[in-house]
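Here is the structure we will look at.
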Amino acid sequence: MAGKTAVFENDLLKLIFHNLGISLIGDATGVPAAATAGSLYLSLHTSDPTDLAVVGQQSGETTYPDYARIGLVRGVSTWYITGNSVSPAAAVDCPTAYVSMGAATQTAGWVGIGTSATGQGKLLYIGALTPNIIITSGVTPRLTTASAVTES
């Protein structure tokens, strides 16, 4: 059997990132799937949090002081969707790293999008960061509007 159609890939991204129902699939009206859209949470990872990761969104997650996942509201003002690709509508800044003297530098090579502000959560999408983000004291890790997730 072949993969998803381009139309369904786009609809699926709208369901996940905009909280819009998919006509004839679970919500025939096409209205928002829930009264409250909720948020998705962006995470940075020092190692690849593969599909087989048992600890979900915590797998390989960065641990620099003051690091926290970034909550992004599910909606059209936060996520830009075109075709089968989704990008943040504005740059997303993670907390600035204030690493004490002698603390190890970390390299964020992957980004995740999941369902929880803290803890295990469910990791929905993962992707490599190009270029990697070298996290040292004073660095504010940033994802730009050119960062994208592609549904395939």
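Letters A, B, ... go to the chains of the structure tokens in the order shown; residues in each chain start at 1; ligands are counted from 1 in the same order.
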
Which neighbours of A:Gly109 fall inside 6 Å, counting only C-alpha atoms, when residues of the same chain fewer than 2 positions from it are skipped, and could you give them as a count of residues only? 4

Members of stretch 13-131 of chain A assigned strand (DSSP E) by DSSP, as a CSV table (one decimal) with N, CA and C atoms, in the first residue's frame:
chain,number,residue,atom,x,y,z
A,39,SER,N,-1.1,23.0,24.1
A,39,SER,CA,0.2,23.4,23.6
A,39,SER,C,1.0,22.2,23.2
A,40,LEU,N,1.9,22.4,22.4
A,40,LEU,CA,3.0,21.4,22.1
A,40,LEU,C,4.3,21.9,22.7
A,41,TYR,N,5.2,21.0,23.0
A,41,TYR,CA,6.4,21.4,23.7
A,41,TYR,C,7.6,21.1,22.9
A,42,LEU,N,8.4,22.1,22.6
A,42,LEU,CA,9.7,21.9,21.9
A,42,LEU,C,10.8,21.6,22.9
A,43,SER,N,11.6,20.6,22.5
A,43,SER,CA,12.7,20.1,23.4
A,43,SER,C,14.0,20.0,22.5
A,44,LEU,N,15.1,20.2,23.2
A,44,LEU,CA,16.4,20.1,22.5
A,44,LEU,C,17.1,18.8,23.1
A,45,HIS,N,17.8,18.1,22.2
A,45,HIS,CA,18.4,16.9,22.5
A,45,HIS,C,19.9,16.8,22.1
A,70,ILE,N,9.9,24.5,25.7
A,70,ILE,CA,9.2,25.7,25.3
A,70,ILE,C,7.8,25.3,24.8
A,71,GLY,N,6.8,25.8,25.5
A,71,GLY,CA,5.4,25.6,25.2
A,71,GLY,C,4.9,26.5,24.0
A,72,LEU,N,4.4,25.9,23.0
A,72,LEU,CA,3.9,26.6,21.8
A,72,LEU,C,2.4,26.2,21.6
A,73,VAL,N,1.5,27.2,21.7
A,73,VAL,CA,0.1,27.0,21.5
A,73,VAL,C,-0.2,26.4,20.2
A,79,TRP,N,2.0,28.4,14.4
A,79,TRP,CA,2.5,27.4,13.4
A,79,TRP,C,2.1,27.7,12.0
A,80,TYR,N,3.0,27.8,11.1
A,80,TYR,CA,2.8,28.1,9.7
A,80,TYR,C,2.8,26.7,8.9
A,81,ILE,N,1.7,26.4,8.3
A,81,ILE,CA,1.7,25.1,7.5
A,81,ILE,C,1.5,25.4,6.0
A,82,THR,N,2.4,24.8,5.3
A,82,THR,CA,2.3,24.8,3.8
A,82,THR,C,2.6,23.4,3.3
A,85,SER,N,4.5,20.5,5.2
A,85,SER,CA,5.6,21.0,6.1
A,85,SER,C,5.0,22.1,7.1
A,86,VAL,N,5.5,22.1,8.3
A,86,VAL,CA,5.1,23.0,9.3
A,86,VAL,C,6.4,23.7,9.9
A,87,SER,N,6.2,25.0,10.2
A,87,SER,CA,7.3,25.8,10.7
A,87,SER,C,6.8,26.7,11.8
A,88,PRO,N,7.6,27.1,12.8
A,88,PRO,CA,7.1,28.1,13.7
A,88,PRO,C,6.9,29.4,13.0
A,92,VAL,N,11.8,30.8,17.8
A,92,VAL,CA,11.6,30.3,19.2
A,92,VAL,C,12.9,30.3,19.9
A,93,ASP,N,12.9,31.0,21.0
A,93,ASP,CA,14.1,31.1,21.8
A,93,ASP,C,14.0,30.2,23.0
A,106,GLN,N,27.4,21.6,26.0
A,106,GLN,CA,26.5,20.6,25.4
A,106,GLN,C,26.3,21.0,23.9
A,107,THR,N,26.0,20.0,23.1
A,107,THR,CA,25.7,20.2,21.7
A,107,THR,C,24.3,19.7,21.4
A,108,ALA,N,23.4,20.6,21.1
A,108,ALA,CA,22.0,20.1,20.7
A,108,ALA,C,22.1,19.8,19.2
A,109,GLY,N,21.9,18.6,18.9
A,109,GLY,CA,21.9,18.1,17.5
A,109,GLY,C,20.5,17.7,17.0
A,110,TRP,N,19.5,17.7,17.9
A,110,TRP,CA,18.2,17.2,17.6
A,110,TRP,C,17.1,18.1,18.3
A,111,VAL,N,16.0,18.3,17.7
A,111,VAL,CA,14.9,19.0,18.3
A,111,VAL,C,13.7,18.0,18.3
A,112,GLY,N,12.9,18.1,19.3
A,112,GLY,CA,11.7,17.3,19.4
A,112,GLY,C,10.4,18.2,19.6
A,113,ILE,N,9.3,17.6,19.3
A,113,ILE,CA,8.0,18.3,19.5
A,113,ILE,C,7.2,17.2,20.2
A,114,GLY,N,6.7,17.6,21.4
A,114,GLY,CA,6.0,16.6,22.2
A,114,GLY,C,4.8,17.2,22.9
A,123,LEU,N,6.7,12.0,22.6
A,123,LEU,CA,7.4,12.7,21.5
A,123,LEU,C,6.7,12.4,20.2
A,124,LEU,N,6.2,13.5,19.5
A,124,LEU,CA,5.5,13.3,18.3
A,124,LEU,C,6.4,13.4,17.1
A,125,TYR,N,7.3,14.4,17.1
A,125,TYR,CA,8.2,14.6,15.9
A,125,TYR,C,9.6,14.8,16.5
A,126,ILE,N,10.6,14.3,15.7
A,126,ILE,CA,12.0,14.5,16.0
A,126,ILE,C,12.7,14.9,14.7
A,127,GLY,N,13.8,15.6,14.8
A,127,GLY,CA,14.6,16.0,13.6
A,127,GLY,C,15.9,16.5,14.0
A,128,ALA,N,16.9,16.3,13.1
A,128,ALA,CA,18.2,16.8,13.3
A,128,ALA,C,18.3,18.3,13.1
A,129,LEU,N,19.1,18.9,13.9
A,129,LEU,CA,19.3,20.4,13.8
A,129,LEU,C,20.5,20.6,12.9
A,130,THR,N,20.4,21.4,11.9
A,130,THR,CA,21.5,21.8,11.0
A,130,THR,C,21.5,23.3,10.9
A,131,PRO,N,22.6,23.9,11.4
A,131,PRO,CA,23.7,23.4,12.1
A,131,PRO,C,23.3,23.0,13.5

With only C-alpha atoms as the counted atoms, please give the residues lying no more than 9 Å from A:Pro65, apart from itself and same-chain residues fewer than 3 positions off, as a VMD selection string. chain A and resid 68 96 to 100
